[in-house]
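File shown here: run-v1.cif, holding mmCIF, C-alpha atoms and all ligand atoms.
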data_work
loop_
_atom_site.group_PDB
_atom_site.id
_atom_site.type_symbol
_atom_site.label_atom_id
_atom_site.label_comp_id
_atom_site.auth_asym_id
_atom_site.auth_seq_id
_atom_site.Cartn_x
_atom_site.Cartn_y
_atom_site.Cartn_z
ATOM 1 C CA MET I 1 -34.728 15.133 17.162
ATOM 2 C CA HIS I 2 -36.754 18.146 16.052
ATOM 3 C CA THR I 3 -35.344 20.123 18.974
ATOM 4 C CA TYR I 4 -31.821 19.108 18.124
ATOM 5 C CA ILE I 5 -32.211 20.171 14.500
ATOM 6 C CA ALA I 6 -33.740 23.506 15.527
ATOM 7 C CA ARG I 7 -30.880 24.188 17.916
ATOM 8 C CA ARG I 8 -28.219 23.232 15.381
ATOM 9 C CA THR I 9 -29.909 25.412 12.761
ATOM 10 C CA ALA I 10 -29.958 28.375 15.129
ATOM 11 C CA ILE I 11 -26.359 28.044 16.161
ATOM 12 C CA SER I 12 -24.943 27.323 12.714
ATOM 13 C CA ALA I 13 -26.818 30.248 11.168
ATOM 14 C CA LEU I 14 -25.625 32.608 13.880
ATOM 15 C CA VAL I 15 -22.101 31.384 13.243
ATOM 16 C CA ALA I 16 -22.563 32.039 9.528
ATOM 17 C CA ILE I 17 -23.651 35.622 10.231
ATOM 18 C CA ALA I 18 -20.707 36.202 12.511
ATOM 19 C CA PHE I 19 -18.260 34.827 9.939
ATOM 20 C CA ALA I 20 -19.648 37.215 7.364
ATOM 21 C CA VAL I 21 -19.029 40.300 9.464
ATOM 22 C CA VAL I 22 -16.129 39.592 11.844
ATOM 23 C CA PRO I 23 -12.450 39.765 10.821
ATOM 24 C CA PHE I 24 -10.690 36.392 10.500
ATOM 25 C CA ALA I 25 -8.429 36.923 13.532
ATOM 26 C CA THR I 26 -11.379 37.018 15.908
ATOM 27 C CA GLN I 27 -13.408 34.189 14.413
ATOM 28 C CA ALA I 28 -12.327 31.552 16.944
ATOM 29 C CA GLN I 29 -13.500 33.781 19.770
ATOM 30 C CA VAL I 30 -16.792 34.476 17.984
ATOM 31 C CA MET I 31 -17.378 30.729 17.545
ATOM 32 C CA ASP I 32 -17.720 30.565 21.332
ATOM 33 C CA GLU I 33 -19.745 33.710 21.801
ATOM 34 C CA VAL I 34 -21.913 34.080 18.741
ATOM 35 C CA PRO I 35 -25.060 32.170 19.794
ATOM 36 C CA PHE I 36 -25.641 34.892 22.392
ATOM 37 C CA ILE I 37 -26.068 38.356 20.856
ATOM 38 C CA THR I 38 -27.837 40.984 22.925
ATOM 39 C CA THR I 39 -30.615 43.254 21.789
ATOM 40 C CA PRO I 40 -29.468 46.875 22.390
ATOM 41 C CA ASP I 41 -31.429 48.789 25.034
ATOM 42 C CA ASN I 42 -33.078 51.189 22.580
ATOM 43 C CA VAL I 43 -34.253 48.248 20.456
ATOM 44 C CA THR I 44 -35.555 46.434 23.566
ATOM 45 C CA MET I 45 -37.586 49.544 24.451
ATOM 46 C CA GLU I 46 -38.936 49.791 20.914
ATOM 47 C CA MET I 47 -39.937 46.090 20.960
ATOM 48 C CA LEU I 48 -41.866 46.474 24.215
ATOM 49 C CA LYS I 49 -43.482 49.771 23.206
ATOM 50 C CA THR I 50 -44.438 48.348 19.809
ATOM 51 C CA ALA I 51 -46.199 45.470 21.591
ATOM 52 C CA ASN I 52 -47.896 47.994 23.896
ATOM 53 C CA VAL I 53 -46.724 45.991 26.934
ATOM 54 C CA GLY I 54 -48.433 46.861 30.218
ATOM 55 C CA PRO I 55 -48.944 45.536 33.757
ATOM 56 C CA LYS I 56 -51.495 42.922 32.643
ATOM 57 C CA ASP I 57 -49.087 41.320 30.188
ATOM 58 C CA HIS I 58 -47.003 38.174 30.515
ATOM 59 C CA VAL I 59 -43.986 38.484 28.241
ATOM 60 C CA ILE I 60 -42.159 35.344 27.098
ATOM 61 C CA ASP I 61 -38.738 35.888 25.523
ATOM 62 C CA LEU I 62 -37.702 32.916 23.395
ATOM 63 C CA GLY I 63 -33.938 32.534 23.739
ATOM 64 C CA SER I 64 -33.657 35.049 26.556
ATOM 65 C CA GLY I 65 -29.859 35.424 26.770
ATOM 66 C CA ASP I 66 -29.021 37.561 29.818
ATOM 67 C CA GLY I 67 -32.719 38.250 30.482
ATOM 68 C CA ARG I 68 -32.733 41.887 29.423
ATOM 69 C CA ILE I 69 -36.041 41.887 27.527
ATOM 70 C CA VAL I 70 -38.019 40.192 30.304
ATOM 71 C CA ILE I 71 -36.340 42.310 32.986
ATOM 72 C CA THR I 72 -37.057 45.549 31.109
ATOM 73 C CA ALA I 73 -40.676 44.467 30.555
ATOM 74 C CA ALA I 74 -41.058 43.960 34.318
ATOM 75 C CA ARG I 75 -39.117 47.003 35.501
ATOM 76 C CA GLN I 76 -40.270 49.618 32.995
ATOM 77 C CA PHE I 77 -43.713 48.344 31.980
ATOM 78 C CA GLY I 78 -44.885 46.397 35.072
ATOM 79 C CA ALA I 79 -45.365 43.125 33.170
ATOM 80 C CA SER I 80 -44.605 39.628 34.440
ATOM 81 C CA GLY I 81 -42.333 37.528 32.288
ATOM 82 C CA LEU I 82 -40.630 34.267 31.455
ATOM 83 C CA GLY I 83 -37.247 33.880 29.785
ATOM 84 C CA VAL I 84 -36.364 30.564 28.157
ATOM 85 C CA GLU I 85 -32.725 29.893 27.377
ATOM 86 C CA LEU I 86 -30.570 26.852 26.552
ATOM 87 C CA VAL I 87 -27.377 28.070 28.222
ATOM 88 C CA PRO I 88 -27.442 27.515 32.023
ATOM 89 C CA ASP I 89 -24.879 30.266 32.764
ATOM 90 C CA LEU I 90 -27.061 32.817 30.968
ATOM 91 C CA VAL I 91 -30.088 31.701 32.958
ATOM 92 C CA ALA I 92 -28.119 32.091 36.221
ATOM 93 C CA LYS I 93 -27.019 35.542 35.059
ATOM 94 C CA SER I 94 -30.600 36.476 34.163
ATOM 95 C CA ARG I 95 -31.843 35.497 37.629
ATOM 96 C CA ASP I 96 -29.074 37.551 39.187
ATOM 97 C CA ASN I 97 -29.852 40.530 36.908
ATOM 98 C CA ALA I 98 -33.546 40.264 37.818
ATOM 99 C CA ARG I 99 -32.706 40.278 41.539
ATOM 100 C CA ARG I 100 -30.511 43.359 41.104
ATOM 101 C CA ALA I 101 -33.263 45.099 39.122
ATOM 102 C CA GLY I 102 -35.779 44.318 41.875
ATOM 103 C CA VAL I 103 -38.032 42.232 39.614
ATOM 104 C CA ALA I 104 -37.207 38.681 40.759
ATOM 105 C CA GLN I 105 -40.811 38.186 41.958
ATOM 106 C CA LYS I 106 -42.282 39.106 38.591
ATOM 107 C CA THR I 107 -39.888 37.124 36.416
ATOM 108 C CA GLU I 108 -38.898 33.519 35.828
ATOM 109 C CA PHE I 109 -35.922 32.168 33.893
ATOM 110 C CA ARG I 110 -35.732 28.551 32.802
ATOM 111 C CA VAL I 111 -33.074 26.404 31.209
ATOM 112 C CA GLN I 112 -35.294 25.013 28.491
ATOM 113 C CA ASP I 113 -35.520 24.537 24.757
ATOM 114 C CA ILE I 114 -37.993 26.984 23.224
ATOM 115 C CA PHE I 115 -39.469 24.096 21.227
ATOM 116 C CA ASP I 116 -40.385 22.358 24.510
ATOM 117 C CA THR I 117 -41.886 25.465 26.121
ATOM 118 C CA ASP I 118 -45.597 25.908 26.770
ATOM 119 C CA LEU I 119 -46.376 29.360 25.362
ATOM 120 C CA SER I 120 -50.057 29.470 26.317
ATOM 121 C CA ALA I 121 -49.637 31.919 29.240
ATOM 122 C CA GLY I 122 -47.873 34.493 27.049
ATOM 123 C CA THR I 123 -49.749 37.612 25.947
ATOM 124 C CA VAL I 124 -46.579 38.937 24.299
ATOM 125 C CA ILE I 125 -43.834 36.800 22.727
ATOM 126 C CA THR I 126 -40.465 38.367 21.972
ATOM 127 C CA MET I 127 -37.716 36.850 19.822
ATOM 128 C CA TYR I 128 -34.240 37.606 18.608
ATOM 129 C CA LEU I 129 -33.547 34.340 16.880
ATOM 130 C CA LEU I 130 -33.125 33.637 13.182
ATOM 131 C CA PRO I 131 -35.415 33.506 10.149
ATOM 132 C CA GLU I 132 -35.323 29.694 10.019
ATOM 133 C CA VAL I 133 -36.135 29.372 13.692
ATOM 134 C CA ASN I 134 -38.969 31.911 13.406
ATOM 135 C CA LEU I 135 -40.391 29.793 10.573
ATOM 136 C CA GLN I 136 -40.194 26.639 12.695
ATOM 137 C CA LEU I 137 -42.045 28.451 15.489
ATOM 138 C CA ARG I 138 -44.645 29.997 13.169
ATOM 139 C CA PRO I 139 -47.277 27.208 13.242
ATOM 140 C CA ARG I 140 -47.315 27.279 17.051
ATOM 141 C CA LEU I 141 -47.417 31.070 17.169
ATOM 142 C CA LEU I 142 -50.363 31.134 14.752
ATOM 143 C CA ARG I 143 -52.300 28.820 17.086
ATOM 144 C CA MET I 144 -51.902 31.162 20.070
ATOM 145 C CA ALA I 145 -54.845 33.143 21.443
ATOM 146 C CA PRO I 146 -56.066 35.732 18.912
ATOM 147 C CA GLY I 147 -54.627 39.138 19.755
ATOM 148 C CA THR I 148 -51.368 37.762 21.207
ATOM 149 C CA ARG I 149 -48.599 40.145 20.159
ATOM 150 C CA LEU I 150 -45.412 38.745 18.632
ATOM 151 C CA VAL I 151 -42.339 40.923 18.302
ATOM 152 C CA SER I 152 -39.161 39.914 16.513
ATOM 153 C CA HIS I 153 -35.888 41.773 16.415
ATOM 154 C CA ASP I 154 -34.647 41.881 12.813
ATOM 155 C CA TRP I 155 -36.026 38.590 11.478
ATOM 156 C CA ASP I 156 -39.384 38.130 9.802
ATOM 157 C CA MET I 157 -41.697 35.135 9.407
ATOM 158 C CA GLY I 158 -41.574 34.442 5.682
ATOM 159 C CA ASP I 159 -44.840 35.118 3.863
ATOM 160 C CA TRP I 160 -46.668 36.004 7.097
ATOM 161 C CA GLN I 161 -46.161 39.755 6.711
ATOM 162 C CA PRO I 162 -45.775 41.789 9.929
ATOM 163 C CA ASP I 163 -48.619 44.107 10.898
ATOM 164 C CA ARG I 164 -46.002 46.772 11.509
ATOM 165 C CA THR I 165 -42.235 47.204 11.119
ATOM 166 C CA THR I 166 -40.210 49.987 12.657
ATOM 167 C CA ARG I 167 -36.560 50.862 12.216
ATOM 168 C CA VAL I 168 -34.265 51.741 15.110
ATOM 169 C CA ASP I 169 -30.799 53.249 14.648
ATOM 170 C CA VAL I 170 -28.022 51.142 16.175
ATOM 171 C CA PRO I 171 -24.751 52.942 15.272
ATOM 172 C CA ASP I 172 -22.537 50.295 16.939
ATOM 173 C CA LYS I 173 -24.459 47.233 15.716
ATOM 174 C CA LYS I 174 -22.266 44.136 16.088
ATOM 175 C CA VAL I 175 -23.854 41.911 13.425
ATOM 176 C CA GLY I 176 -24.580 42.585 9.774
ATOM 177 C CA LEU I 177 -23.574 45.588 7.722
ATOM 178 C CA GLU I 178 -26.630 47.733 8.460
ATOM 179 C CA LYS I 179 -26.420 50.122 11.380
ATOM 180 C CA PHE I 180 -30.054 49.795 12.321
ATOM 181 C CA SER I 181 -32.421 47.129 13.585
ATOM 182 C CA ARG I 182 -35.894 46.223 12.454
ATOM 183 C CA VAL I 183 -38.667 45.572 14.955
ATOM 184 C CA HIS I 184 -41.510 43.499 13.514
ATOM 185 C CA LEU I 185 -44.933 43.184 15.148
ATOM 186 C CA TRP I 186 -47.594 40.585 14.382
ATOM 187 C CA MET I 187 -50.916 40.186 16.137
ATOM 188 C CA VAL I 188 -52.124 36.594 16.103
ATOM 189 C CA PRO I 189 -55.200 36.812 13.869
ATOM 190 C CA ALA I 190 -58.534 35.293 14.896
ATOM 191 C CA PRO I 191 -58.977 31.992 13.043
ATOM 192 C CA VAL I 192 -61.998 32.740 10.831
ATOM 193 C CA ASP I 193 -61.398 30.590 7.758
ATOM 194 C CA GLY I 194 -64.535 28.655 6.749
ATOM 195 C CA LEU I 195 -68.313 28.974 7.010
ATOM 196 C CA TRP I 196 -70.175 30.796 9.816
ATOM 197 C CA CYS I 197 -73.922 30.947 10.411
ATOM 198 C CA SER I 198 -76.400 33.226 12.129
ATOM 199 C CA GLY I 199 -79.761 31.590 11.494
ATOM 200 C CA ALA I 200 -80.060 31.427 7.715
ATOM 201 C CA THR I 201 -77.345 34.048 7.107
ATOM 202 C CA ARG I 202 -74.148 32.560 5.741
ATOM 203 C CA LEU I 203 -70.754 34.210 6.211
ATOM 204 C CA HIS I 204 -67.851 32.611 4.384
ATOM 205 C CA PHE I 205 -64.181 33.478 4.908
ATOM 206 C CA GLN I 206 -61.086 32.489 3.010
ATOM 207 C CA GLN I 207 -58.211 33.455 5.274
ATOM 208 C CA LYS I 208 -54.469 33.676 4.780
ATOM 209 C CA TYR I 209 -52.777 34.887 7.983
ATOM 210 C CA GLN I 210 -54.341 38.307 8.729
ATOM 211 C CA ASN I 211 -55.906 38.776 5.272
ATOM 212 C CA TYR I 212 -59.289 37.479 4.197
ATOM 213 C CA ASP I 213 -61.887 37.408 1.436
ATOM 214 C CA ALA I 214 -65.458 37.323 2.762
ATOM 215 C CA ARG I 215 -68.906 36.706 1.307
ATOM 216 C CA ILE I 216 -72.198 37.156 3.150
ATOM 217 C CA GLU I 217 -75.619 36.094 1.919
ATOM 218 C CA GLY I 218 -78.986 34.713 3.022
ATOM 219 C CA GLY I 219 -81.417 35.750 5.754
ATOM 220 C CA ALA I 220 -81.726 39.519 6.231
ATOM 221 C CA ALA I 221 -78.194 40.282 5.038
ATOM 222 C CA VAL I 222 -77.498 42.276 1.895
ATOM 223 C CA ALA I 223 -75.454 39.845 -0.197
ATOM 224 C CA GLN I 224 -71.919 41.120 -0.778
ATOM 225 C CA SER I 225 -68.251 40.159 -1.053
ATOM 226 C CA TRP I 226 -65.239 42.065 0.180
ATOM 227 C CA ALA I 227 -61.618 41.712 1.233
ATOM 228 C CA GLY I 228 -60.307 42.783 4.630
ATOM 229 C CA ARG I 229 -57.589 42.504 7.199
ATOM 230 C CA ILE I 230 -57.766 41.031 10.695
ATOM 231 C CA SER I 231 -56.233 42.898 13.600
ATOM 232 C CA GLY I 232 -56.049 40.332 16.416
ATOM 233 C CA VAL I 233 -59.677 39.779 17.494
ATOM 234 C CA ASP I 234 -61.009 42.633 15.342
ATOM 235 C CA LEU I 235 -62.203 42.402 11.742
ATOM 236 C CA PRO I 236 -62.716 46.094 11.002
ATOM 237 C CA ALA I 237 -64.644 47.231 7.952
ATOM 238 C CA PRO I 238 -62.217 48.131 5.140
ATOM 239 C CA VAL I 239 -61.624 51.872 4.859
ATOM 240 C CA GLY I 240 -63.136 53.569 1.798
ATOM 241 C CA GLY I 241 -65.625 52.147 -0.681
ATOM 242 C CA PRO I 242 -69.047 50.800 0.289
ATOM 243 C CA MET I 243 -69.861 50.176 3.960
ATOM 244 C CA ARG I 244 -68.964 46.577 4.916
ATOM 245 C CA PRO I 245 -69.797 44.621 8.066
ATOM 246 C CA SER I 246 -67.243 44.576 10.875
ATOM 247 C CA PHE I 247 -66.860 41.800 13.469
ATOM 248 C CA THR I 248 -65.199 40.982 16.762
ATOM 249 C CA TRP I 249 -64.011 37.446 17.490
ATOM 250 C CA ARG I 250 -65.098 36.401 20.989
ATOM 251 C CA ASP I 251 -65.038 32.956 22.609
ATOM 252 C CA GLY I 252 -64.934 31.189 19.260
ATOM 253 C CA GLY I 253 -67.822 33.203 17.748
ATOM 254 C CA LEU I 254 -68.054 36.366 15.627
ATOM 255 C CA ASP I 255 -70.171 39.325 16.797
ATOM 256 C CA VAL I 256 -71.317 42.046 14.373
ATOM 257 C CA LYS I 257 -69.901 45.335 15.676
ATOM 258 C CA THR I 258 -72.150 47.951 14.103
ATOM 259 C CA SER I 259 -75.470 47.584 12.280
ATOM 260 C CA THR I 260 -74.618 47.309 8.576
ATOM 261 C CA ALA I 261 -76.037 45.767 5.428
ATOM 262 C CA GLY I 262 -79.101 44.252 7.082
ATOM 263 C CA LEU I 263 -77.133 42.874 10.073
ATOM 264 C CA ALA I 264 -78.003 44.201 13.548
ATOM 265 C CA SER I 265 -75.202 45.121 15.928
ATOM 266 C CA GLY I 266 -74.455 42.177 18.268
ATOM 267 C CA THR I 267 -75.673 39.518 15.802
ATOM 268 C CA ARG I 268 -73.614 36.451 16.610
ATOM 269 C CA PHE I 269 -72.197 34.035 14.056
ATOM 270 C CA THR I 270 -71.059 30.570 15.063
ATOM 271 C CA ARG I 271 -69.116 28.050 13.039
ATOM 272 C CA ALA I 272 -71.213 25.877 10.735
ATOM 273 C CA THR I 273 -71.344 22.307 11.987
ATOM 274 C CA GLY I 274 -71.274 20.952 8.426
ATOM 275 C CA ASN I 275 -70.889 22.718 5.102
ATOM 276 C CA ALA I 276 -74.256 24.536 5.244
ATOM 277 C CA CYS I 277 -76.256 26.802 7.569
ATOM 278 C CA PRO I 278 -79.824 25.976 8.695
ATOM 279 C CA ALA I 279 -82.318 26.802 5.890
HETATM 280 C C1 LIG O 1 -29.451 36.351 19.674
HETATM 281 S S1 LIG O 1 -29.573 35.831 21.353
HETATM 282 C C2 LIG O 1 -30.865 36.893 21.986
HETATM 283 C C3 LIG O 1 -30.834 37.066 23.488
HETATM 284 C C4 LIG O 1 -31.948 37.983 24.044
HETATM 285 N N1 LIG O 1 -33.256 37.509 23.664
HETATM 286 C C5 LIG O 1 -31.768 39.385 23.534
HETATM 287 O O1 LIG O 1 -32.524 39.745 22.614
HETATM 288 O O2 LIG O 1 -30.877 40.089 24.036
HETATM 289 C C6 LIG O 1 -30.415 34.267 21.108
HETATM 290 C C7 LIG O 1 -30.414 33.404 22.334
HETATM 291 O O3 LIG O 1 -31.231 32.294 22.063
HETATM 292 C C8 LIG O 1 -30.681 31.146 22.688
HETATM 293 N N2 LIG O 1 -31.220 29.993 21.964
HETATM 294 C C9 LIG O 1 -30.968 29.604 20.683
HETATM 295 N N3 LIG O 1 -31.697 28.503 20.373
HETATM 296 C C10 LIG O 1 -32.446 28.217 21.483
HETATM 297 C C11 LIG O 1 -33.396 27.201 21.788
HETATM 298 N N4 LIG O 1 -33.720 26.257 20.871
HETATM 299 N N5 LIG O 1 -33.962 27.186 23.020
HETATM 300 C C12 LIG O 1 -33.634 28.133 23.966
HETATM 301 N N6 LIG O 1 -32.741 29.118 23.717
HETATM 302 C C13 LIG O 1 -32.148 29.164 22.501
HETATM 303 C C14 LIG O 1 -29.185 31.344 22.536
HETATM 304 O O4 LIG O 1 -28.475 30.599 23.513
HETATM 305 C C15 LIG O 1 -29.058 32.854 22.746
HETATM 306 O O5 LIG O 1 -28.786 33.204 24.079
#
Re-express the file's structure as structure tokens.
Amino acid sequence: MHTYIARRTAISALVAIAFAVVPFATQAQVMDEVPFITTPDNVTMEMLKTANVGPKDHVIDLGSGDGRIVITAARQFGASGLGVELVPDLVAKSRDNARRAGVAQKTEFRVQDIFDTDLSAGTVITMYLLPEVNLQLRPRLLRMAPGTRLVSHDWDMGDWQPDRTTRVDVPDKKVGLEKFSRVHLWMVPAPVDGLWCSGATRLHFQQKYQNYDARIEGGAAVAQSWAGRISGVDLPAPVGGPMRPSFTWRDGGLDVKTSTAGLASGTRFTRATGNACPA
């Protein structure tokens, strides 16, 4: 049921966009074609560069159309990839395109609903869907491994602000009135919300997406509060102002990066088992 609603939402919204920008005489034709709109080559390149895709990456394109993003990731950046697409003809075309591009061994294309797809192998997720669909995917994307890069063509994810947005000129853009595309990048932030302990030192985070408020106190630490921003697995010290601790998320724990404020480099914090740290 959920899948059906998601699919209907995607298709009806794409139809709405097309109706807004395409002359009446061609609307019947667009009704058939509109769910599949390709990302232009220069935007595809910008998406993959923005995500810093390389040979160790596995790129999953959600709603992969003719396979161009996954094929480009394999051919130009050496990545492996998976394309997931509802329309069987597009999946057949993608496999054919991958064979022609010489990347059939590195790529897979499946007829599958994106809401039924296991995303856990992806190190990079690409999307050219719709705002509503991005929002439906958001809870799953936020639960992916910290540091996973998410790139969306044009559409954002509501109040989860992108870490970076770039603009790419597209003079012959087929949808919308703007002649450019936006490329949004998010890095899945380490999940740090809550209380962490290192002996008697207490580290408390209140997290919203990649932003946090932190307080540290107890043990050898100099008590202090600060606000910061998570960049995947890294919690760098905020730039400017007093020196704050910085951390790296690793295997479910937080390691102090550089000796600061009474904390030695390498000090490890683990999640509190209750709502207090050992005295
Ligand atoms: C705008 S096109 C983008 C194609 C390709 N990713 C690109 O950027 O060139 C969106 C694609 O998503 C597919 N799609 C929409 N909803 C889907 C779903 N729930 N599961 C799988 N594919 C879906 C559509 O069939 C369409 O081919």
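Of note, atom CA of I:Gly194 and atom CA of I:Ala223 are spaced 17.1 Å apart.
Nearest to ligand LIG 1 (chain O) of all the residues I:Glu46, I:Asp66, I:Asp159, I:Asp57 is I:Asp66, based on all atoms listed in the file.
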Output of the PyMOL selection byres (((not hetatm)) within 7 of (chain O and resi 1)), listed as a ChimeraX atom specification
/I:3,6-7,10-11,35-39,61-69,84-87,112-115,127-129
Apply the PyMOL selection byres (((chain I and resi 224) around 9) and not hetatm) to the structure shown and report the selected residues as a list in words.
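Given this file, the PyMOL selection byres (((chain I and resi 224) around 9) and not hetatm) evaluates to Ala214, Arg215, Ile216, Glu217, Ala221, Val222, Ala223, Ser225, Trp226, Arg244 and Ala261 of chain I.
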Selection above as a file: C-alpha atoms, as a PDB file, keeping the file's coordinate frame:
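Output (result_36.pdb):
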ATOM      1  CA  ALA I 214     -65.458  37.323   2.762  1.00  0.00           C
ATOM      2  CA  ARG I 215     -68.906  36.706   1.307  1.00  0.00           C
ATOM      3  CA  ILE I 216     -72.198  37.156   3.150  1.00  0.00           C
ATOM      4  CA  GLU I 217     -75.619  36.094   1.919  1.00  0.00           C
ATOM      5  CA  ALA I 221     -78.194  40.282   5.038  1.00  0.00           C
ATOM      6  CA  VAL I 222     -77.498  42.276   1.895  1.00  0.00           C
ATOM      7  CA  ALA I 223     -75.454  39.845  -0.197  1.00  0.00           C
ATOM      8  CA  SER I 225     -68.251  40.159  -1.053  1.00  0.00           C
ATOM      9  CA  TRP I 226     -65.239  42.065   0.180  1.00  0.00           C
ATOM     10  CA  ARG I 244     -68.964  46.577   4.916  1.00  0.00           C
ATOM     11  CA  ALA I 261     -76.037  45.767   5.428  1.00  0.00           C
TER      12      ALA I 261
END
Which residues are close to I:Gly218, i.e. within 6 Å by all atoms listed in the file, leaving aside same-chain residues fewer than 3 positions away? Reply as a list in words.
Ala200, Thr201, Arg202 and Ala221 of chain I
Since we have the selection now, will you write its residues out, keeping C-alpha atoms, as a PDB file, in the coordinates of the input?
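Dumped to selection.pdb:
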ATOM      1  CA  ALA I 200     -80.060  31.427   7.715  1.00  0.00           C
ATOM      2  CA  THR I 201     -77.345  34.048   7.107  1.00  0.00           C
ATOM      3  CA  ARG I 202     -74.148  32.560   5.741  1.00  0.00           C
ATOM      4  CA  ALA I 221     -78.194  40.282   5.038  1.00  0.00           C
TER       5      ALA I 221
END
Sort by chain and increasing residue number a table of all residues of stretch 201-224 of chain I within 12 Å of stretch 178-188 of chain I, each with its closest pair of atoms and their distance in Å to one decimal, counting only C-alpha atoms, and write it as a tab-separated table.
residue	atom	partner	partner_atom	distance
I:Lys208	CA	I:Val188	CA	11.9
I:Tyr209	CA	I:Val188	CA	8.3
I:Gln210	CA	I:Val188	CA	7.9
I:Asn211	CA	I:Val188	CA	11.7
Could you save the residues just selected, with C-alpha atoms, as a compact mmCIF listing (two decimals), in the coordinates of the input?
# COMPACT_ATOMS: atom_id res chain seq x y z
CA LYS I 208 -54.47 33.68 4.78
CA TYR I 209 -52.78 34.89 7.98
CA GLN I 210 -54.34 38.31 8.73
CA ASN I 211 -55.91 38.78 5.27
How close does stretch 33-85 of chain I get to stretch 143-154 of chain I? List, as CSV, each residue of stretch 33-85 of chain I within 9 Å, its nearest atom pair and the distance in Å to one decimal, counting only C-alpha atoms.
residue,atom,partner,partner_atom,distance
I:Thr39,CA,I:His153,CA,7.7
I:Val43,CA,I:His153,CA,7.8
I:Thr44,CA,I:His153,CA,8.5
I:Met47,CA,I:Val151,CA,6.3
I:Leu48,CA,I:Val151,CA,8.1
I:Thr50,CA,I:Val151,CA,7.9
I:Ala51,CA,I:Arg149,CA,6.0
I:Asn52,CA,I:Arg149,CA,8.7
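Atom CA of I:Pro189 is positioned 15.5 Å from atom CA of I:Asp255.
Going from atom CA of I:Gly253 over to atom CA of I:Gly266, you cover 11.2 Å.
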